[in-house]
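Only one structure is covered here, and it is reproduced in the block below.
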There are 2 protein chains.
Amino acid sequence: MTEHGLGVSISEIARGAGVHASSIQRRWGTRENVMLDALLTYSQEKLPIPDTGALRGDLVAFGRSIAGYLATPLGEAVAQTMAATDDDPALAAGRTRFWESRYDTARVIIDRAVDRDEVAADTDPELALELLVAPLHFRKLLTRQAVDDDFVERLVDALMRGLTS
Amino acid sequence: MTEHGLGVSISEIARGAGVHASSIQRRWGTRENVMLDALLTYSQEKLPIPDTGALRGDLVAFGRSIAGYLATPLGEAVAQTMAATDDDPALAAGRTRFWESRYDTARVIIDRAVDRDEVAADTDPELALELLVAPLHFRKLLTRQAVDDDFVERLVDALMRGLTS
């Protein structure tokens, strides 16, 4: 583990891929960019969008798979890296692309809930997903409290019901 | 700024306080512990608990003051430091103390809302506060989206109403 949580250099990445370091450098610039790009692809595969037929089931399944990912050394390192790094413009662009892609892929969970009349048609899909995803990362990175199935269920119930209903 | 986001050494802290570095070391162990302890005190002063007479007003005011704190160089450095550091036991204990104290102090916002019949008596105060605090930190550290007054209002409205009501 380096300062940024990922102990991989561009030359190690190049060696692993069997190419010249200069090819990596030309295409991505920094090792953080290589990583973010790889993560984008990886997380789309590892975090499939559930389709259980109901909003609660989808949110619980999605929350659990994010919690599971954050429990892996890679998931933890990625979250720490994104949280720690300063705003190198190339990295910032990669980060933005990463989250935009995540929200774009996952918003179907909320779109389907609208179609099923489970939530109001004007529900903001990004905000709704953020309410689920943020506490998982907050616990993992800041309070270090358990991010387990029980927490995911309590979280989803609180979000669906709302504080004042 | 060092690796951990705070460019202060124990000897600098000692110099600032006019004491020997060994006294600091004996009492706190590491500079991270000094920092967390100082933050505990500081954040209690800088993040007073609002009492507007209504839950929405309290949550918006509390959310805004956390957002304002996270926008300062200190607030940002503290969040990054807590997110980045590995689990040194002394630091982990300080971190736990920090968040427990924050939740203990702020739960009166939810307790008062229960007294006013704004939320159910079995509302979990810590979870309710976490739903507010987590997205502010998540945006600051991970997505780097705006943590402004507009977002705080949208967030509080979504939390109070719930996704399915």
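Letters for chains follow the order of the structure tokens (A, B, ...), residue numbers begin at 1 for each chain, and ligand numbers begin at 1 in the order shown.
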
Who sits within 12 Å of Asp150 (chain B), only C-alpha atoms, same chain under 5 positions skipped, as a PDB file with C-alpha atoms, in the first residue's frame:
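What landed in around_27.pdb:
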ATOM      1  CA  VAL B  60     -31.306  22.066   7.229  1.00  0.00           C
ATOM      2  CA  GLY B  63     -26.610  20.132   7.382  1.00  0.00           C
ATOM      3  CA  ARG B  64     -25.578  23.628   6.314  1.00  0.00           C
ATOM      4  CA  ALA B  67     -21.356  21.617   4.715  1.00  0.00           C
ATOM      5  CA  LEU B 155     -31.528  16.064   0.814  1.00  0.00           C
ATOM      6  CA  VAL B 156     -33.571  16.964   3.891  1.00  0.00           C
ATOM      7  CA  ASP B 157     -36.818  16.987   1.890  1.00  0.00           C
TER       8      ASP B 157
END

- Item | chain A contacts on chain B, only C-alpha atoms, 7 Å, as a PyMOL selection string | chain B and resi 3+80+82-84+96+99+118-119+130-131+134-135+137-138+141-143+159-165

- Query: Hey, what's within 12 Å of Ser101 (chain B) if we count only C-alpha atoms and toss same-chain stuff fewer than 4 positions away? As an MDAnalysis selection string, please?
  - Reply: (chainID A and resid 143) or (chainID B and resid 36:37 39:41 43:44 94:97 105:107 126)

Write out, as a PDB file, in the first residue's frame, the residues just selected, with N, CA and C atoms.
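Printed below is part14.pdb as written:
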ATOM      1  N   THR A 143     -16.756   6.529   9.776  1.00  0.00           N
ATOM      2  CA  THR A 143     -17.037   6.033  11.133  1.00  0.00           C
ATOM      3  C   THR A 143     -16.527   4.613  11.346  1.00  0.00           C
TER       4      THR A 143
ATOM      5  N   LEU B  36      -7.301  14.469  16.578  1.00  0.00           N
ATOM      6  CA  LEU B  36      -8.679  14.032  16.800  1.00  0.00           C
ATOM      7  C   LEU B  36      -9.233  14.617  18.090  1.00  0.00           C
ATOM      8  N   ASP B  37      -8.391  14.673  19.111  1.00  0.00           N
ATOM      9  CA  ASP B  37      -8.835  15.219  20.384  1.00  0.00           C
ATOM     10  C   ASP B  37      -9.175  16.700  20.247  1.00  0.00           C
ATOM     11  N   LEU B  39     -10.028  18.152  17.550  1.00  0.00           N
ATOM     12  CA  LEU B  39     -11.205  18.264  16.692  1.00  0.00           C
ATOM     13  C   LEU B  39     -12.493  18.059  17.431  1.00  0.00           C
ATOM     14  N   LEU B  40     -12.439  17.117  18.376  1.00  0.00           N
ATOM     15  CA  LEU B  40     -13.614  16.847  19.184  1.00  0.00           C
ATOM     16  C   LEU B  40     -14.090  18.131  19.843  1.00  0.00           C
ATOM     17  N   THR B  41     -13.147  18.787  20.496  1.00  0.00           N
ATOM     18  CA  THR B  41     -13.453  20.041  21.172  1.00  0.00           C
ATOM     19  C   THR B  41     -13.907  21.095  20.172  1.00  0.00           C
ATOM     20  N   SER B  43     -15.074  20.803  17.086  1.00  0.00           N
ATOM     21  CA  SER B  43     -16.310  20.601  16.346  1.00  0.00           C
ATOM     22  C   SER B  43     -17.531  20.807  17.234  1.00  0.00           C
ATOM     23  N   GLN B  44     -17.378  20.555  18.529  1.00  0.00           N
ATOM     24  CA  GLN B  44     -18.508  20.836  19.429  1.00  0.00           C
ATOM     25  C   GLN B  44     -18.789  22.339  19.453  1.00  0.00           C
ATOM     26  N   GLY B  94      -9.744   6.902  18.940  1.00  0.00           N
ATOM     27  CA  GLY B  94     -10.032   8.331  18.873  1.00  0.00           C
ATOM     28  C   GLY B  94     -11.144   8.621  17.884  1.00  0.00           C
ATOM     29  N   ARG B  95     -11.088   7.916  16.765  1.00  0.00           N
ATOM     30  CA  ARG B  95     -12.110   8.117  15.737  1.00  0.00           C
ATOM     31  C   ARG B  95     -13.484   7.713  16.249  1.00  0.00           C
ATOM     32  N   THR B  96     -13.539   6.552  16.928  1.00  0.00           N
ATOM     33  CA  THR B  96     -14.801   6.078  17.492  1.00  0.00           C
ATOM     34  C   THR B  96     -15.342   7.082  18.507  1.00  0.00           C
ATOM     35  N   ARG B  97     -14.445   7.579  19.364  1.00  0.00           N
ATOM     36  CA  ARG B  97     -14.855   8.561  20.372  1.00  0.00           C
ATOM     37  C   ARG B  97     -15.421   9.808  19.700  1.00  0.00           C
ATOM     38  N   THR B 105     -24.197  14.259  20.899  1.00  0.00           N
ATOM     39  CA  THR B 105     -24.548  15.675  21.006  1.00  0.00           C
ATOM     40  C   THR B 105     -25.724  16.028  20.101  1.00  0.00           C
ATOM     41  N   ALA B 106     -25.746  15.426  18.902  1.00  0.00           N
ATOM     42  CA  ALA B 106     -26.734  15.839  17.903  1.00  0.00           C
ATOM     43  C   ALA B 106     -28.069  15.122  18.024  1.00  0.00           C
ATOM     44  N   ARG B 107     -28.120  14.029  18.768  1.00  0.00           N
ATOM     45  CA  ARG B 107     -29.353  13.238  18.781  1.00  0.00           C
ATOM     46  C   ARG B 107     -30.539  14.001  19.366  1.00  0.00           C
ATOM     47  N   GLU B 126     -29.510   7.867  15.704  1.00  0.00           N
ATOM     48  CA  GLU B 126     -28.203   7.799  15.063  1.00  0.00           C
ATOM     49  C   GLU B 126     -28.356   7.560  13.559  1.00  0.00           C
TER      50      GLU B 126
END

- Task: Might you pull out every residue within 10 Å of Ile10 (chain A), with only C-alpha atoms counted and same-chain residues fewer than 6 positions away left off, and present them as a list in words?
- Result: Gly16, His20, Ala21, Ser22, Ser23, Ile24, Gln25, Trp28, Gly29, Thr30, Arg31, Glu32, Val34 and Met35 of chain A

Mind dumping the selected residues with all heavy atoms as a tab-separated table (two decimals), in the first residue's frame?
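Output file part_3.tsv is given in full below:
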chain	number	residue	atom	x	y	z
A	16	GLY	N	2.58	-6.20	-16.24
A	16	GLY	CA	1.44	-7.11	-16.14
A	16	GLY	C	0.71	-7.25	-17.47
A	16	GLY	O	0.20	-8.32	-17.80
A	20	HIS	N	4.80	-1.66	-23.22
A	20	HIS	CA	5.77	-0.70	-22.72
A	20	HIS	C	5.10	0.32	-21.80
A	20	HIS	O	3.97	0.73	-22.07
A	20	HIS	CB	6.43	0.05	-23.89
A	20	HIS	CG	7.50	-0.77	-24.56
A	20	HIS	ND1	8.69	-1.09	-23.95
A	20	HIS	CD2	7.54	-1.35	-25.79
A	20	HIS	CE1	9.42	-1.83	-24.76
A	20	HIS	NE2	8.74	-2.01	-25.89
A	21	ALA	N	5.83	0.71	-20.76
A	21	ALA	CA	5.29	1.73	-19.84
A	21	ALA	C	4.89	2.99	-20.60
A	21	ALA	O	3.91	3.66	-20.26
A	21	ALA	CB	6.32	2.05	-18.77
A	22	SER	N	5.64	3.30	-21.66
A	22	SER	CA	5.34	4.54	-22.40
A	22	SER	C	3.97	4.49	-23.07
A	22	SER	O	3.30	5.50	-23.21
A	22	SER	CB	6.42	4.82	-23.45
A	22	SER	OG	6.48	3.74	-24.37
A	23	SER	N	3.53	3.27	-23.43
A	23	SER	CA	2.19	3.15	-24.04
A	23	SER	C	1.10	3.47	-23.03
A	23	SER	O	0.10	4.12	-23.33
A	23	SER	CB	1.95	1.73	-24.57
A	23	SER	OG	3.03	1.30	-25.36
A	24	ILE	N	1.33	2.97	-21.81
A	24	ILE	CA	0.36	3.25	-20.72
A	24	ILE	C	0.33	4.75	-20.45
A	24	ILE	O	-0.73	5.37	-20.36
A	24	ILE	CB	0.79	2.51	-19.43
A	24	ILE	CG1	0.96	1.01	-19.66
A	24	ILE	CG2	-0.19	2.80	-18.29
A	24	ILE	CD1	-0.28	0.18	-19.55
A	25	GLN	N	1.54	5.29	-20.34
A	25	GLN	CA	1.65	6.71	-20.00
A	25	GLN	C	0.98	7.60	-21.06
A	25	GLN	O	0.31	8.57	-20.73
A	25	GLN	CB	3.14	7.08	-19.90
A	25	GLN	CG	3.42	8.19	-18.91
A	25	GLN	CD	4.37	7.72	-17.82
A	25	GLN	OE1	5.24	6.88	-18.05
A	25	GLN	NE2	4.20	8.23	-16.62
A	28	TRP	N	-3.01	7.02	-20.70
A	28	TRP	CA	-3.72	7.38	-19.46
A	28	TRP	C	-3.06	8.52	-18.65
A	28	TRP	O	-3.72	9.11	-17.79
A	28	TRP	CB	-3.87	6.17	-18.55
A	28	TRP	CG	-4.95	5.22	-18.97
A	28	TRP	CD1	-6.30	5.35	-18.74
A	28	TRP	CD2	-4.80	3.99	-19.70
A	28	TRP	NE1	-6.98	4.29	-19.27
A	28	TRP	CE2	-6.09	3.43	-19.86
A	28	TRP	CE3	-3.71	3.30	-20.23
A	28	TRP	CZ2	-6.32	2.23	-20.52
A	28	TRP	CZ3	-3.93	2.10	-20.89
A	28	TRP	CH2	-5.22	1.58	-21.03
A	29	GLY	N	-1.77	8.74	-18.89
A	29	GLY	CA	-1.12	9.82	-18.15
A	29	GLY	C	-0.59	9.36	-16.79
A	29	GLY	O	0.60	9.25	-16.59
A	30	THR	N	-1.48	9.07	-15.85
A	30	THR	CA	-1.04	8.68	-14.51
A	30	THR	C	-1.59	7.30	-14.15
A	30	THR	O	-2.55	6.83	-14.74
A	30	THR	CB	-1.56	9.66	-13.44
A	30	THR	OG1	-2.99	9.55	-13.40
A	30	THR	CG2	-1.17	11.08	-13.78
A	31	ARG	N	-0.97	6.71	-13.13
A	31	ARG	CA	-1.45	5.39	-12.70
A	31	ARG	C	-2.85	5.50	-12.09
A	31	ARG	O	-3.64	4.55	-12.17
A	31	ARG	CB	-0.46	4.75	-11.72
A	31	ARG	CG	-0.39	5.37	-10.37
A	31	ARG	CD	0.74	4.80	-9.53
A	31	ARG	NE	0.73	5.46	-8.23
A	31	ARG	CZ	0.02	5.03	-7.19
A	31	ARG	NH1	-0.72	3.96	-7.28
A	31	ARG	NH2	0.03	5.70	-6.06
A	32	GLU	N	-3.18	6.66	-11.50
A	32	GLU	CA	-4.54	6.82	-10.97
A	32	GLU	C	-5.57	6.75	-12.09
A	32	GLU	O	-6.65	6.21	-11.92
A	32	GLU	CB	-4.68	8.16	-10.22
A	32	GLU	CG	-4.09	8.16	-8.81
A	32	GLU	CD	-2.59	8.42	-8.80
A	32	GLU	OE1	-2.00	8.66	-9.89
A	32	GLU	OE2	-1.99	8.38	-7.70
A	34	VAL	N	-5.23	5.13	-14.98
A	34	VAL	CA	-5.32	3.73	-15.41
A	34	VAL	C	-6.29	3.01	-14.49
A	34	VAL	O	-7.19	2.29	-14.92
A	34	VAL	CB	-3.94	3.03	-15.30
A	34	VAL	CG1	-4.06	1.57	-15.77
A	34	VAL	CG2	-2.88	3.77	-16.08
A	35	MET	N	-6.07	3.23	-13.20
A	35	MET	CA	-6.86	2.55	-12.20
A	35	MET	C	-8.35	2.89	-12.32
A	35	MET	O	-9.20	2.00	-12.32
A	35	MET	CB	-6.34	2.98	-10.83
A	35	MET	CG	-6.96	2.26	-9.70
A	35	MET	SD	-6.67	3.24	-8.20
A	35	MET	CE	-7.87	4.57	-8.45

- Task: Find the residues near Asp111 (chain A): any atom within 9 Å, counting only C-alpha atoms, skip ones fewer than 5 places away on the same chain, and give them as a list in words.
- Result: Arg116, Ala121, Thr123 and Pro125 of chain A

- Running DSSP on the backbone, which parts of chain B land in alpha helix (DSSP H), as a count of residues only? 113

- Query: Suppose you want the space between CA of Leu74 (chain A) and CA of Glu45 (chain A); what is it in Å?
  - Reply: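 Pair CA of Leu74 (chain A) / CA of Glu45 (chain A) returns 14.3 Å.
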
- Message: Please report the interatomic distance between CA of Asn33 (chain B) and CA of Val78 (chain B) in Å with one decimal.
- Response: 12.0 Å
